[in-house]
Amino acid sequence: MAREGTDPDEDVVRRVARGDQAAVQALVARKLPRMLSLARRMLGDPAEAEDVAQEVFLRVWKHAPSWKPGKARFDTWMHRVALNLCYDRLRSKREHPVAEPPDRPDPAPGAERGLEAAQLGARVERALQALPERQREAIVLCHYQELSNIEAAALLGISVEALESLLSRGRRALRAALADMARS
Amino acid sequence: MDAQRFESLTAAYGADPARWPQAEREAALAFQREHRAQAERLLFEARMIDAALAEVPIQVATADLRERVLASVPRAKTKPERRRHFMPAWLPGAGLAAACAVGVLAGSMAVERVAAPVQADQLVAEAAPTMDELEVAG
């Protein structure tokens, strides 16, 4: 879980700004999985998640030279960028809803984990996608992205108490949606 | 920490102490030790939801995506590399011209059997710049 204090990405971002190729590789290795995970859990679509992750890095390359360590960590800033890109796509989906929501299982993990596990995962993912957006964000940031409650609350522009409320309501809704799984 | 706060904490952050807020972690762990049965009952609910969340598939970054991201790095605007003094760009052309000149001369020598090594040396010397010129040109 991320902790307060110095920014662990400060050095690599400074080197990226200087055009250091090793730093570029290191930043991509470190952050691409995180951005992909965030976008996937927010959007529930692997192709869109890839698009968002790629767009986040375009902004990184653009802004790294002018990045100044300050209040927010670079990782938090990247989360902010990724969330904004996800909002845009979610808004677009609301305005132009598709008849059949995409339900594409992730083939690689599914193959490894077996059909039953893949189906279970897909079901939980659908339940996660069905949560109100703010509840889903709170769960994604705290549970999957492992941001601290202070960082997540700051990203969402709410108090820690409000964050906890979103988390509790989200988890309760998941529990209700998946109640039959617990009984079986 | 009282039971009510422990319940709120686990309802929000789940059963894994690593996810609990750092500021309250020790107190929550102490509550767990001191009220084991009560804590276990509260943690049971939280563990079920944690387990369900763990089932959501992880999307692995493919090599293709990594390549695309790396390819999106803008190319640095590099200044044209300073030419090395001993190898100006026009030198190969000058050398070629000199070689041609020698070839033409040698051909004419073969046909006319005119011994003119001085002329050939002179042509090469005229085609190739002097070392001083090379230093300045670089």
# chains A, B, ... in the order shown; residues from 1 in each chain; ligands from 1
>>> interface_residues(of="chain A", to="chain B", cutoff="7 Å", atoms="only C-alpha atoms", output="list in words")
Gly19, Pro33, Leu36, Ser37, Gln54, Phe57, Leu58, Trp61, Pro109, Leu120, Gly121, Ala122, Val124, Glu125, Ser148, Asn149, Glu164, Leu167, Ser168, Arg171 and Arg175 of chain A
>>> write_last_selection(atoms="C-alpha atoms", output="mmCIF file, in the first residue's frame")
data_model
loop_
_atom_site.group_PDB
_atom_site.id
_atom_site.type_symbol
_atom_site.label_atom_id
_atom_site.label_comp_id
_atom_site.auth_asym_id
_atom_site.auth_seq_id
_atom_site.Cartn_x
_atom_site.Cartn_y
_atom_site.Cartn_z
ATOM 1 C CA GLY A 19 15.275 11.196 -22.324
ATOM 2 C CA PRO A 33 0.327 -2.909 -15.095
ATOM 3 C CA LEU A 36 -4.072 -1.255 -17.019
ATOM 4 C CA SER A 37 -5.505 -2.729 -13.831
ATOM 5 C CA GLN A 54 -1.691 3.958 -23.593
ATOM 6 C CA PHE A 57 1.540 7.285 -21.008
ATOM 7 C CA LEU A 58 1.131 9.810 -23.817
ATOM 8 C CA TRP A 61 5.714 11.713 -21.910
ATOM 9 C CA PRO A 109 -6.071 -16.011 -17.032
ATOM 10 C CA LEU A 120 -16.699 -16.841 -11.282
ATOM 11 C CA GLY A 121 -14.268 -14.035 -12.011
ATOM 12 C CA ALA A 122 -16.419 -12.755 -14.834
ATOM 13 C CA VAL A 124 -17.684 -10.779 -9.826
ATOM 14 C CA GLU A 125 -16.394 -8.375 -12.460
ATOM 15 C CA SER A 148 -3.870 4.737 1.144
ATOM 16 C CA ASN A 149 -7.244 6.005 2.332
ATOM 17 C CA GLU A 164 -15.209 4.811 4.006
ATOM 18 C CA LEU A 167 -16.308 1.541 0.416
ATOM 19 C CA SER A 168 -18.762 0.065 2.926
ATOM 20 C CA ARG A 171 -18.784 -3.911 -0.492
ATOM 21 C CA ARG A 175 -22.114 -9.033 -0.940
#
>>> residues_around(residues="A:Leu166", least_positions_apart="4", cutoff="8 Å", atoms="only C-alpha atoms", output="PDB file with N, CA and C atoms, in the first residue's frame")
ATOM      1  N   ARG A 134     -19.044   5.868  -8.159  1.00  0.00           N
ATOM      2  CA  ARG A 134     -18.199   6.339  -7.056  1.00  0.00           C
ATOM      3  C   ARG A 134     -17.833   5.191  -6.120  1.00  0.00           C
ATOM      4  N   GLN A 135     -18.753   4.279  -5.915  1.00  0.00           N
ATOM      5  CA  GLN A 135     -18.446   3.130  -5.059  1.00  0.00           C
ATOM      6  C   GLN A 135     -17.389   2.246  -5.717  1.00  0.00           C
ATOM      7  N   ALA A 138     -13.978   3.870  -5.419  1.00  0.00           N
ATOM      8  CA  ALA A 138     -13.417   3.744  -4.077  1.00  0.00           C
ATOM      9  C   ALA A 138     -12.819   2.355  -3.878  1.00  0.00           C
ATOM     10  N   ALA A 162     -16.100  10.036   4.056  1.00  0.00           N
ATOM     11  CA  ALA A 162     -16.953   9.807   2.883  1.00  0.00           C
ATOM     12  C   ALA A 162     -16.430   8.630   2.062  1.00  0.00           C
ATOM     13  N   GLY A 170     -20.299  -0.021  -1.143  1.00  0.00           N
ATOM     14  CA  GLY A 170     -19.911  -0.807  -2.313  1.00  0.00           C
ATOM     15  C   GLY A 170     -19.725  -2.273  -1.964  1.00  0.00           C
TER      16      GLY A 170
ATOM     17  N   ALA B  12     -15.273  -1.401   5.526  1.00  0.00           N
ATOM     18  CA  ALA B  12     -14.765  -0.508   4.470  1.00  0.00           C
ATOM     19  C   ALA B  12     -13.523  -1.074   3.798  1.00  0.00           C
TER      20      ALA B  12
END
>>> atom_distance(atom1="atom CA of A:Tyr144", atom2="atom CA of A:Asp88")
21.1 Å
>>> select_by_dssp(residues="stretch 1-58 of chain A", states="helix (DSSP H, G or I)", output="MDAnalysis selection string")
chainID A and resid 10:17 21:43 46:58
>>> atom_distance(atom1="atom CA of A:Arg30", atom2="atom CA of A:Met78")
12.0 Å
